[in-house]
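Asker: Sharing protein-v8.cif below, mmCIF, C-alpha atoms and all ligand atoms:
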data_run
#
loop_
_atom_site.label_atom_id
_atom_site.label_comp_id
_atom_site.auth_asym_id
_atom_site.auth_seq_id
_atom_site.Cartn_x
_atom_site.Cartn_y
_atom_site.Cartn_z
CA MET M 8 83.48 214.52 163.34
CA ARG M 9 81.85 213.46 160.11
CA LYS M 10 83.62 210.41 158.74
CA HIS M 11 81.43 209.79 155.72
CA ASN M 12 81.33 211.77 152.51
CA ARG M 13 78.05 210.51 151.10
CA ASP M 14 74.46 211.49 151.80
CA PRO M 15 73.40 210.00 155.12
CA PHE M 16 71.22 206.90 155.02
CA LEU M 17 67.81 207.94 156.31
CA LEU M 18 66.37 205.19 158.51
CA THR M 19 63.39 207.38 159.24
CA PRO M 20 59.70 207.45 158.28
CA GLY M 21 60.32 210.23 155.77
CA PRO M 22 62.07 211.85 154.08
CA LEU M 23 63.71 208.64 152.93
CA THR M 24 66.82 207.64 151.03
CA THR M 25 66.25 207.72 147.28
CA SER M 26 68.27 206.10 144.49
CA PRO M 27 70.91 208.08 142.55
CA GLU M 28 68.78 207.73 139.39
CA THR M 29 65.72 209.16 141.16
CA LYS M 30 67.77 212.12 142.38
CA ALA M 31 69.24 212.59 138.89
CA ALA M 32 65.77 212.70 137.33
CA MET M 33 65.31 216.07 139.04
CA LEU M 34 68.14 217.75 137.12
CA ARG M 35 65.89 219.18 134.49
CA ASP M 36 63.39 222.03 134.24
CA TRP M 37 60.06 221.17 132.70
CA GLY M 38 57.39 223.56 131.53
CA SER M 39 54.01 222.69 132.98
CA ARG M 40 52.42 222.57 129.51
CA ASP M 41 55.27 220.63 127.95
CA ALA M 42 53.77 217.57 126.24
CA ALA M 43 56.55 215.38 127.61
CA PHE M 44 55.76 216.48 131.17
CA ILE M 45 52.05 215.87 130.61
CA ASP M 46 52.92 212.34 129.48
CA ILE M 47 55.04 211.75 132.57
CA ASN M 48 52.25 212.98 134.79
CA GLN M 49 49.74 210.64 133.14
CA ARG M 50 52.15 207.70 133.34
CA VAL M 51 52.65 208.28 137.06
CA ARG M 52 48.91 208.45 137.69
CA ASP M 53 48.23 205.29 135.68
CA ARG M 54 51.00 203.41 137.42
CA LEU M 55 49.67 204.34 140.88
CA VAL M 56 46.24 203.00 140.02
CA ALA M 57 47.75 199.81 138.59
CA ILE M 58 49.73 199.15 141.78
CA ALA M 59 46.39 198.82 143.59
CA HIS M 60 44.69 196.97 140.71
CA GLY M 61 42.20 199.81 140.53
CA GLN M 62 42.09 200.28 136.74
CA TYR M 63 38.35 199.62 136.56
CA SER M 64 37.31 201.42 139.71
CA HIS M 65 39.72 204.14 140.81
CA VAL M 66 41.62 207.17 139.56
CA ALA M 67 44.81 208.65 141.03
CA VAL M 68 44.66 212.33 141.93
CA PRO M 69 48.04 213.81 142.89
CA MET M 70 48.24 216.59 145.48
CA GLN M 71 51.14 218.95 146.08
CA GLY M 72 52.63 218.88 149.56
CA SER M 73 53.63 216.32 152.15
CA GLY M 74 51.50 213.27 152.92
CA THR M 75 49.27 215.14 155.36
CA PHE M 76 48.08 217.41 152.55
CA ALA M 77 46.82 214.32 150.71
CA VAL M 78 45.11 212.97 153.84
CA GLU M 79 43.45 216.31 154.52
CA ALA M 80 42.38 216.62 150.87
CA MET M 81 40.91 213.10 151.05
CA VAL M 82 38.89 213.80 154.19
CA ALA M 83 37.75 217.21 152.94
CA THR M 84 36.66 215.87 149.55
CA PHE M 85 35.17 212.51 150.51
CA LEU M 86 33.55 213.15 153.89
CA PRO M 87 30.46 215.24 153.10
CA ARG M 88 29.67 218.18 155.34
CA ASP M 89 26.68 216.30 156.76
CA GLY M 90 28.63 213.04 157.09
CA LYS M 91 30.22 211.59 160.20
CA ALA M 92 33.46 209.65 160.52
CA LEU M 93 34.47 206.86 162.85
CA ILE M 94 38.24 207.33 163.15
CA LEU M 95 40.27 204.31 164.29
CA ILE M 96 43.18 205.59 166.34
CA ASN M 97 46.23 203.79 167.71
CA GLY M 98 48.90 206.40 167.19
CA ALA M 99 49.82 209.92 166.14
CA TYR M 100 48.58 209.66 162.55
CA GLY M 101 45.12 208.56 163.66
CA HIS M 102 45.01 211.50 166.08
CA ARG M 103 46.07 213.77 163.21
CA ILE M 104 43.00 212.71 161.21
CA ALA M 105 40.76 213.68 164.14
CA LYS M 106 42.52 217.05 164.24
CA ILE M 107 41.91 217.46 160.51
CA CYS M 108 38.19 216.84 161.13
CA ASP M 109 38.26 219.50 163.86
CA TYR M 110 39.70 222.01 161.39
CA LEU M 111 37.22 220.98 158.72
CA GLY M 112 34.28 221.08 161.10
CA ARG M 113 33.29 217.50 160.27
CA ALA M 114 31.49 215.35 162.81
CA TYR M 115 33.37 212.30 164.05
CA SER M 116 33.73 209.82 166.82
CA VAL M 117 36.89 207.92 167.66
CA HIS M 118 37.77 204.37 168.56
CA VAL M 119 41.07 204.57 170.41
CA THR M 120 43.15 201.50 171.23
CA PRO M 121 46.58 201.52 172.90
CA GLU M 122 49.50 202.19 170.57
CA ASN M 123 50.54 198.53 170.60
CA ILE M 124 47.02 197.15 170.03
CA ALA M 125 45.24 197.00 166.67
CA PRO M 126 41.50 197.70 166.61
CA ASP M 127 39.26 194.63 166.75
CA PRO M 128 36.79 194.43 163.83
CA THR M 129 34.10 193.10 166.19
CA ASP M 130 34.34 196.27 168.28
CA ILE M 131 34.19 198.38 165.12
CA GLY M 132 31.08 196.49 163.99
CA ALA M 133 29.41 197.18 167.34
CA LEU M 134 30.26 200.90 167.15
CA LEU M 135 28.82 201.13 163.64
CA ALA M 136 25.67 199.28 164.69
CA GLY M 137 25.27 201.70 167.59
CA ASP M 138 25.51 204.94 165.61
CA GLU M 139 23.59 205.27 162.38
CA ALA M 140 24.95 208.75 161.80
CA ILE M 141 28.41 207.33 161.02
CA SER M 142 28.79 207.40 157.25
CA HIS M 143 32.53 206.74 156.94
CA VAL M 144 35.22 204.72 158.66
CA ILE M 145 38.74 206.18 158.50
CA ALA M 146 41.65 203.82 159.14
CA VAL M 147 45.43 204.06 159.15
CA HIS M 148 46.98 200.97 157.53
CA CYS M 149 50.39 200.93 159.21
CA GLU M 150 50.45 203.35 162.17
CA THR M 151 53.96 204.67 161.68
CA THR M 152 54.08 205.86 165.29
CA THR M 153 55.00 202.31 166.29
CA GLY M 154 55.07 200.36 163.01
CA ILE M 155 51.96 198.38 163.94
CA LEU M 156 50.01 196.87 161.06
CA ASN M 157 46.26 197.38 161.37
CA PRO M 158 43.94 194.72 159.84
CA LEU M 159 42.83 196.66 156.78
CA ALA M 160 41.00 193.82 155.04
CA ALA M 161 38.94 192.99 158.12
CA ILE M 162 38.21 196.67 158.80
CA ALA M 163 37.10 197.13 155.19
CA GLU M 164 34.83 194.10 155.39
CA THR M 165 33.27 195.28 158.64
CA ALA M 166 32.58 198.72 157.16
CA ALA M 167 31.16 197.23 153.96
CA VAL M 168 28.89 194.79 155.81
CA ALA M 169 27.56 197.73 157.84
CA GLY M 170 27.03 199.73 154.64
CA ARG M 171 29.59 202.40 155.54
CA ARG M 172 32.29 203.88 153.34
CA LEU M 173 36.01 203.55 153.95
CA LEU M 174 38.84 206.09 153.72
CA VAL M 175 42.40 204.85 154.27
CA ASP M 176 45.66 206.49 155.23
CA ALA M 177 48.06 204.00 153.61
CA MET M 178 50.90 206.49 153.58
CA SER M 179 53.54 204.19 154.99
CA THR M 180 52.49 200.94 153.27
CA PHE M 181 51.43 201.75 149.72
CA GLY M 182 53.80 200.10 147.27
CA ALA M 183 55.23 197.61 149.78
CA LEU M 184 52.20 195.91 151.31
CA ALA M 185 49.60 194.59 148.91
CA ILE M 186 46.37 196.60 148.75
CA ASP M 187 44.02 195.29 146.08
CA ALA M 188 41.15 197.61 145.20
CA ARG M 189 39.22 194.65 143.79
CA GLU M 190 39.14 193.06 147.24
CA ILE M 191 39.30 195.98 149.64
CA PRO M 192 36.34 198.29 149.00
CA PHE M 193 37.74 201.75 149.76
CA ASP M 194 36.31 205.03 148.48
CA ALA M 195 39.66 206.74 148.83
CA LEU M 196 43.21 205.91 149.91
CA ALA M 197 45.94 208.43 150.53
CA ALA M 198 49.70 207.87 150.20
CA SER M 199 52.76 209.79 149.09
CA ALA M 200 55.73 209.64 146.75
CA ASN M 201 58.37 209.55 149.43
CA LYS M 202 57.58 206.46 151.49
CA CYS M 203 57.57 202.92 150.10
CA LEU M 204 57.58 204.20 146.51
CA GLU M 205 60.95 205.89 147.16
CA GLY M 206 60.30 209.09 145.25
CA ALA M 207 61.29 212.57 146.39
CA PRO M 208 59.14 214.31 149.01
CA GLY M 209 56.70 217.00 147.92
CA VAL M 210 53.76 215.22 146.36
CA GLY M 211 51.07 212.90 147.71
CA PHE M 212 48.16 211.28 145.94
CA VAL M 213 44.74 209.86 146.61
CA LEU M 214 43.31 206.83 144.85
CA CYS M 215 39.68 207.80 144.43
CA ARG M 216 36.74 205.59 143.53
CA ARG M 217 35.69 207.20 140.28
CA GLU M 218 31.92 206.99 140.73
CA VAL M 219 32.14 208.43 144.24
CA LEU M 220 34.52 211.23 143.24
CA ASP M 221 31.90 212.33 140.71
CA GLU M 222 29.56 213.07 143.62
CA CYS M 223 32.13 214.96 145.68
CA ALA M 224 31.87 218.37 144.02
CA GLY M 225 31.29 221.03 146.61
CA ASN M 226 32.33 218.97 149.66
CA ALA M 227 35.75 220.53 150.15
CA HIS M 228 36.19 223.65 152.26
CA SER M 229 39.38 224.55 150.43
CA LEU M 230 40.10 225.24 146.77
CA SER M 231 43.69 224.04 146.84
CA LEU M 232 42.82 220.79 148.66
CA ASP M 233 39.74 219.97 146.57
CA LEU M 234 40.48 216.62 144.91
CA PHE M 235 37.36 216.87 142.79
CA ASP M 236 38.53 220.15 141.31
CA GLN M 237 42.13 218.93 140.97
CA TRP M 238 40.88 215.85 139.15
CA SER M 239 38.35 217.52 136.84
CA ALA M 240 40.90 220.10 135.74
CA MET M 241 43.57 217.44 135.13
CA GLU M 242 41.16 215.23 133.20
CA ASN M 243 40.26 218.21 131.09
CA ASN M 244 43.68 219.08 129.68
CA GLY M 245 46.20 216.82 131.41
CA GLN M 246 47.61 219.80 133.31
CA TRP M 247 47.73 220.76 136.94
CA ARG M 248 45.49 223.59 138.12
CA PHE M 249 48.36 225.36 139.86
CA THR M 250 52.17 225.17 139.52
CA PRO M 251 53.03 221.47 139.37
CA PRO M 252 55.97 220.07 141.36
CA THR M 253 57.64 219.16 138.06
CA HIS M 254 60.97 217.91 139.42
CA VAL M 255 59.25 215.81 142.05
CA ILE M 256 56.92 214.25 139.47
CA ALA M 257 59.87 213.46 137.18
CA ALA M 258 61.64 211.80 140.12
CA PHE M 259 58.44 209.93 140.98
CA ASP M 260 58.27 208.58 137.43
CA GLN M 261 61.81 207.23 137.77
CA ALA M 262 61.09 205.81 141.24
CA LEU M 263 58.00 204.03 139.89
CA LYS M 264 60.07 202.49 137.08
CA GLU M 265 62.45 201.15 139.72
CA HIS M 266 59.49 199.84 141.72
CA GLU M 267 58.25 197.96 138.69
CA ALA M 268 61.73 196.64 137.85
CA GLU M 269 62.09 195.34 141.39
CA GLY M 270 58.96 193.23 140.93
CA GLY M 271 56.35 195.72 142.05
CA VAL M 272 54.77 195.34 145.46
CA ALA M 273 56.01 191.76 145.96
CA GLY M 274 59.61 192.69 145.18
CA ARG M 275 59.58 195.77 147.36
CA PHE M 276 57.96 193.86 150.21
CA ALA M 277 60.66 191.16 150.00
CA ARG M 278 63.48 193.71 150.35
CA TYR M 279 61.82 195.53 153.25
CA ARG M 280 61.03 192.21 154.92
CA GLU M 281 64.69 191.25 154.75
CA ASN M 282 65.74 194.72 155.97
CA CYS M 283 63.40 194.39 158.93
CA ASP M 284 64.54 190.85 159.78
CA ILE M 285 68.22 191.84 159.71
CA LEU M 286 67.50 194.88 161.86
CA VAL M 287 65.32 193.17 164.46
CA SER M 288 67.48 190.09 164.91
CA GLY M 289 70.65 192.20 165.02
CA MET M 290 69.20 194.60 167.58
CA ARG M 291 67.99 191.71 169.75
CA GLU M 292 71.47 190.16 169.66
CA ARG M 293 72.77 193.47 170.97
CA GLY M 294 70.30 193.48 173.88
CA PHE M 295 67.63 195.85 172.50
CA THR M 296 63.96 194.87 172.74
CA THR M 297 61.09 195.70 170.39
CA LEU M 298 57.83 197.30 171.46
CA LEU M 299 55.73 195.08 169.21
CA ASP M 300 55.54 191.32 168.83
CA ASP M 301 56.77 190.13 165.46
CA ASP M 302 53.26 189.27 164.25
CA GLN M 303 52.04 192.86 164.85
CA GLN M 304 54.98 194.47 163.12
CA ALA M 305 54.89 195.83 159.57
CA PRO M 306 58.34 195.71 157.90
CA ILE M 307 58.28 199.51 157.65
CA ILE M 308 59.63 200.95 160.87
CA VAL M 309 60.56 199.28 164.16
CA THR M 310 60.13 200.76 167.64
CA PHE M 311 62.72 199.80 170.25
CA HIS M 312 62.47 200.36 173.98
CA MET M 313 64.95 202.93 175.22
CA PRO M 314 67.61 201.00 177.16
CA ASP M 315 67.49 202.01 180.83
CA GLN M 316 71.23 201.74 181.36
CA PRO M 317 72.65 204.96 182.85
CA GLY M 318 75.41 205.28 180.21
CA PHE M 319 72.89 205.19 177.38
CA VAL M 320 71.91 208.75 176.47
CA PHE M 321 69.75 208.81 173.34
CA GLU M 322 70.93 212.21 172.07
CA ASP M 323 74.52 211.02 172.25
CA PHE M 324 73.66 207.70 170.55
CA TYR M 325 71.71 209.53 167.84
CA ASN M 326 74.53 211.99 167.15
CA ARG M 327 77.17 209.27 167.00
CA LEU M 328 75.08 207.34 164.47
CA GLN M 329 74.47 210.48 162.45
CA ASN M 330 78.20 211.18 162.38
CA LYS M 331 78.66 207.69 160.93
CA GLY M 332 76.10 208.46 158.23
CA TYR M 333 72.95 206.82 159.64
CA VAL M 334 69.94 208.87 160.70
CA ILE M 335 67.47 207.17 163.05
CA TYR M 336 64.33 208.61 164.61
CA PRO M 337 63.21 209.47 168.13
CA GLY M 338 60.09 207.75 169.47
CA LYS M 339 56.64 209.27 169.20
CA LEU M 340 54.86 207.18 171.83
CA THR M 341 52.75 208.88 174.46
CA ASP M 342 53.92 206.92 177.47
CA ILE M 343 56.79 204.58 176.62
CA ASP M 344 60.33 205.84 176.15
CA SER M 345 61.45 204.56 172.75
CA PHE M 346 63.26 205.22 169.50
CA ARG M 347 62.62 204.03 165.95
CA ILE M 348 64.62 202.69 163.04
CA GLY M 349 63.07 202.53 159.59
CA CYS M 350 63.42 199.70 157.06
CA ILE M 351 62.12 201.56 154.00
CA GLY M 352 63.76 203.70 151.35
CA HIS M 353 66.52 202.85 148.91
CA LEU M 354 68.32 200.62 151.44
CA GLY M 355 69.15 196.94 151.48
CA ALA M 356 70.91 194.30 153.52
CA THR M 357 74.28 196.09 153.27
CA GLU M 358 72.91 199.30 154.78
CA MET M 359 71.03 197.41 157.52
CA ARG M 360 74.22 195.58 158.47
CA GLY M 361 75.97 198.95 158.22
CA VAL M 362 73.70 200.56 160.77
CA LEU M 363 74.17 197.59 163.11
CA SER M 364 77.93 197.97 162.99
CA ALA M 365 77.61 201.74 163.46
CA ILE M 366 75.50 200.91 166.53
CA ASP M 367 78.24 198.58 167.82
CA GLN M 368 80.84 201.30 167.41
CA SER M 369 78.62 203.93 169.02
CA LEU M 370 77.82 201.74 172.02
CA SER M 371 81.47 200.95 172.54
CA GLU M 372 82.45 204.64 172.26
CA MET M 373 79.77 205.33 174.89
CA GLY M 374 81.05 202.51 177.09
CA VAL M 375 77.67 200.80 177.06
CA SER M 376 77.10 197.05 176.72
CA LEU M 377 73.45 196.11 176.90
CA THR M 378 73.98 192.37 176.82
CA LYS M 379 76.43 192.49 179.76
CA ALA M 380 74.05 194.69 181.72
CA LYS M 381 71.36 192.03 181.44
CA SER M 382 73.29 188.95 182.60
C1 LIG W 401 54.26 209.82 156.89
C2 LIG W 401 52.82 209.62 157.20
C3 LIG W 401 51.86 210.61 156.97
C4 LIG W 401 52.18 211.95 156.35
O1 LIG W 401 53.15 212.64 157.02
P1 LIG W 401 53.83 213.91 156.31
O2 LIG W 401 54.84 214.31 157.33
O3 LIG W 401 52.78 214.92 156.12
O4 LIG W 401 54.41 213.44 155.02
C5 LIG W 401 50.54 210.31 157.24
N1 LIG W 401 50.18 209.12 157.74
C6 LIG W 401 51.07 208.14 157.98
C7 LIG W 401 50.59 206.84 158.51
C8 LIG W 401 52.43 208.36 157.73
O5 LIG W 401 53.32 207.39 157.97
#
Rewrite the structure of this file - the entire thing - as structure tokens.
Ligand SMILES: *Cc1c(COP(=O)(O)O)cnc(C)c1O

Answerer:
Amino acid sequence: MRKHNRDPFLLTPGPLTTSPETKAAMLRDWGSRDAAFIDINQRVRDRLVAIAHGQYSHVAVPMQGSGTFAVEAMVATFLPRDGKALILINGAYGHRIAKICDYLGRAYSVHVTPENIAPDPTDIGALLAGDEAISHVIAVHCETTTGILNPLAAIAETAAVAGRRLLVDAMSTFGALAIDAREIPFDALAASANKCLEGAPGVGFVLCRREVLDECAGNAHSLSLDLFDQWSAMENNGQWRFTPPTHVIAAFDQALKEHEAEGGVAGRFARYRENCDILVSGMRERGFTTLLDDDQQAPIIVTFHMPDQPGFVFEDFYNRLQNKGYVIYPGKLTDIDSFRIGCIGHLGATEMRGVLSAIDQSLSEMGVSLTKAKS
């Protein structure tokens, strides 16, 4: 029985809850050559670069599709056909990058650490020293599989010291965790509208080091995913090469205004930090345990161990929460039974307390008490 009459709150790693104003920004049809739309598109691109302080070094190239399209476009455009990547993997999104390289026919090696362990820059340095063919390091900033935060600054420094280039999947952190292009020397960084920037899903983007992008013509295997071509055409006349996702860009513009009004990255981080703290402390009070230690955890998404009490059936728990208007997410770990609850999207303390009380109700309907089971 559905008791709520609003959109559900999405405590998931995407799609995410968006603000009413961001949704409303989509209630208009734009022509792709409309000067007002071209202005919006430029404003969005400029704002994305500014969030990373990349005005003097980087350009933002949007790419239609979900986040993976942007990651694949980044790898295809920036990793030359005779290059070789070292892919740092501690979760599903790292593995996905290796799979992308398989499709693209690009050479790579991997450095795999367990899903709850971040890569150690010393190990990365040794791998780079041992293989001169490696031209690029590819890292995932927050591995959304668990919510673990990987040490981007240290990885970037290790790559730079070894004279290698860096590509970053910052899909689940960009806009909430500070990434400063003046301090972190990346060639390219991929993210999307519908994670910490709280836009609608359907467009990603890559922040590209301008001088490197200039040399990337001809690298891509695919016309539609060629960031060099997308960028040159857009620079030429301000328009997209192919049908632009106009409604999604208009929503993104509104979402970026809200990001700025909230205090940019610092403001967004503060809200997500509070969301995460309320969630984690509330879940611990109820007898749930987290996969990660607090100092490994990004305030993006939290992985909880599946309770091993017989009365606790995840499907049932999930459905009861959904019926109360809160959507959580199953786990994605290879060998630990878990589920995840996100802290990002247009949600605040009220919604985090709301999900905790929906959890209380669901557990009591299920006849499960985790704290009693423990004592
Ligand atoms: C969400 C996400 C992606 C992209 O996933 P899509 O489903 O294609 O949007 C890529 N990398 C990370 C780390 C993510 O969190």

Asker: I need the residue nearest ligand LIG 401 (chain W) from this list: M:Ile104, M:Leu159, M:Ala273, M:Ile186. Use all atoms listed in the file for the distance.

Answerer: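 Closest to ligand LIG 401 (chain W) of all the choices is M:Ile104.
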
Asker: If I wrap all listed atoms of ligand LIG 401 (chain W) in a box with edges along x, y and z and add 8 Å on each side, what are its centre and edge lengths in Å to one decimal, as JSON?

Answerer:
{"center_x": 52.5, "center_y": 210.9, "center_z": 156.8, "size_x": 20.7, "size_y": 24.1, "size_z": 19.5}

Asker: If I take atom CA of M:Ala67 and atom CA of M:Val210, how far is one from the other in Å, to one decimal?

Answerer: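 Here the two named atoms are 12.3 Å from each other.
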
Asker: Dump the neighbourhood of ligand LIG 401 (chain W) as JSON, numbers by chain: all residues within 9 Å, distances computed on only C-alpha atoms and all ligand atoms.

Answerer: {"M": [20, 21, 22, 72, 73, 74, 75, 76, 77, 78, 98, 99, 100, 101, 103, 104, 147, 148, 149, 150, 151, 152, 154, 176, 177, 178, 179, 180, 197, 198, 199, 201, 202, 208, 209, 210, 211]}

Asker: Quick one: distance from atom CA of M:Gln303 to atom CA of M:Asp284 in Å, one decimal?

Answerer: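 Rounded to one decimal, the two atoms are 13.6 Å apart.
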
Asker: What gap, in Å, lies between atom CA of M:Asp46 and atom CA of M:Gly182?

Answerer: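 Taking atom CA of M:Asp46 as the start and atom CA of M:Gly182 as the end point, the length is 21.6 Å.
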
Asker: When you get a chance, write out N, CA, C and O atoms for stretch 321-340 of chain M, as a CSV table (one decimal), keeping the file's coordinate frame.

Answerer:
chain,number,residue,atom,x,y,z
M,321,PHE,N,70.2,208.9,174.7
M,321,PHE,CA,69.8,208.8,173.3
M,321,PHE,C,70.4,209.9,172.4
M,321,PHE,O,70.8,209.6,171.3
M,322,GLU,N,70.4,211.1,172.9
M,322,GLU,CA,70.9,212.2,172.1
M,322,GLU,C,72.3,211.9,171.6
M,322,GLU,O,72.7,212.1,170.4
M,323,ASP,N,73.1,211.4,172.5
M,323,ASP,CA,74.5,211.0,172.2
M,323,ASP,C,74.6,209.9,171.2
M,323,ASP,O,75.3,209.9,170.2
M,324,PHE,N,73.8,208.9,171.4
M,324,PHE,CA,73.7,207.7,170.6
M,324,PHE,C,73.3,208.2,169.1
M,324,PHE,O,73.9,207.8,168.1
M,325,TYR,N,72.2,209.0,169.1
M,325,TYR,CA,71.7,209.5,167.8
M,325,TYR,C,72.8,210.3,167.1
M,325,TYR,O,73.0,210.1,165.9
M,326,ASN,N,73.5,211.2,167.8
M,326,ASN,CA,74.5,212.0,167.2
M,326,ASN,C,75.7,211.1,166.7
M,326,ASN,O,76.2,211.4,165.6
M,327,ARG,N,76.1,210.1,167.4
M,327,ARG,CA,77.2,209.3,167.0
M,327,ARG,C,76.8,208.5,165.7
M,327,ARG,O,77.6,208.3,164.8
M,328,LEU,N,75.5,208.0,165.7
M,328,LEU,CA,75.1,207.3,164.5
M,328,LEU,C,75.0,208.3,163.3
M,328,LEU,O,75.4,208.0,162.2
M,329,GLN,N,74.5,209.5,163.5
M,329,GLN,CA,74.5,210.5,162.4
M,329,GLN,C,75.9,210.8,161.9
M,329,GLN,O,76.1,210.9,160.7
M,330,ASN,N,76.8,210.9,162.8
M,330,ASN,CA,78.2,211.2,162.4
M,330,ASN,C,78.8,210.0,161.6
M,330,ASN,O,79.7,210.2,160.8
M,331,LYS,N,78.2,208.8,161.7
M,331,LYS,CA,78.7,207.7,160.9
M,331,LYS,C,77.8,207.5,159.7
M,331,LYS,O,78.0,206.6,158.9
M,332,GLY,N,76.9,208.5,159.5
M,332,GLY,CA,76.1,208.5,158.2
M,332,GLY,C,74.8,207.7,158.3
M,332,GLY,O,74.2,207.4,157.3
M,333,TYR,N,74.2,207.5,159.5
M,333,TYR,CA,73.0,206.8,159.6
M,333,TYR,C,72.0,207.7,160.5
M,333,TYR,O,72.4,207.9,161.7
M,334,VAL,N,70.9,208.0,159.9
M,334,VAL,CA,69.9,208.9,160.7
M,334,VAL,C,68.8,208.0,161.2
M,334,VAL,O,68.1,207.3,160.4
M,335,ILE,N,68.6,207.9,162.5
M,335,ILE,CA,67.5,207.2,163.0
M,335,ILE,C,66.4,208.2,163.5
M,335,ILE,O,66.5,209.4,163.2
M,336,TYR,N,65.4,207.7,164.3
M,336,TYR,CA,64.3,208.6,164.6
M,336,TYR,C,63.9,208.5,166.1
M,336,TYR,O,63.8,207.4,166.6
M,337,PRO,N,63.7,209.6,166.8
M,337,PRO,CA,63.2,209.5,168.1
M,337,PRO,C,61.8,208.8,168.2
M,337,PRO,O,61.1,208.8,167.1
M,338,GLY,N,61.4,208.3,169.3
M,338,GLY,CA,60.1,207.8,169.5
M,338,GLY,C,59.0,208.8,169.4
M,338,GLY,O,59.3,210.0,169.6
M,339,LYS,N,57.8,208.4,169.2
M,339,LYS,CA,56.6,209.3,169.2
M,339,LYS,C,55.5,208.8,170.1
M,339,LYS,O,54.4,209.1,170.0
M,340,LEU,N,55.9,207.8,171.0
M,340,LEU,CA,54.9,207.2,171.8
M,340,LEU,C,54.5,208.1,173.0
M,340,LEU,O,55.3,208.9,173.5
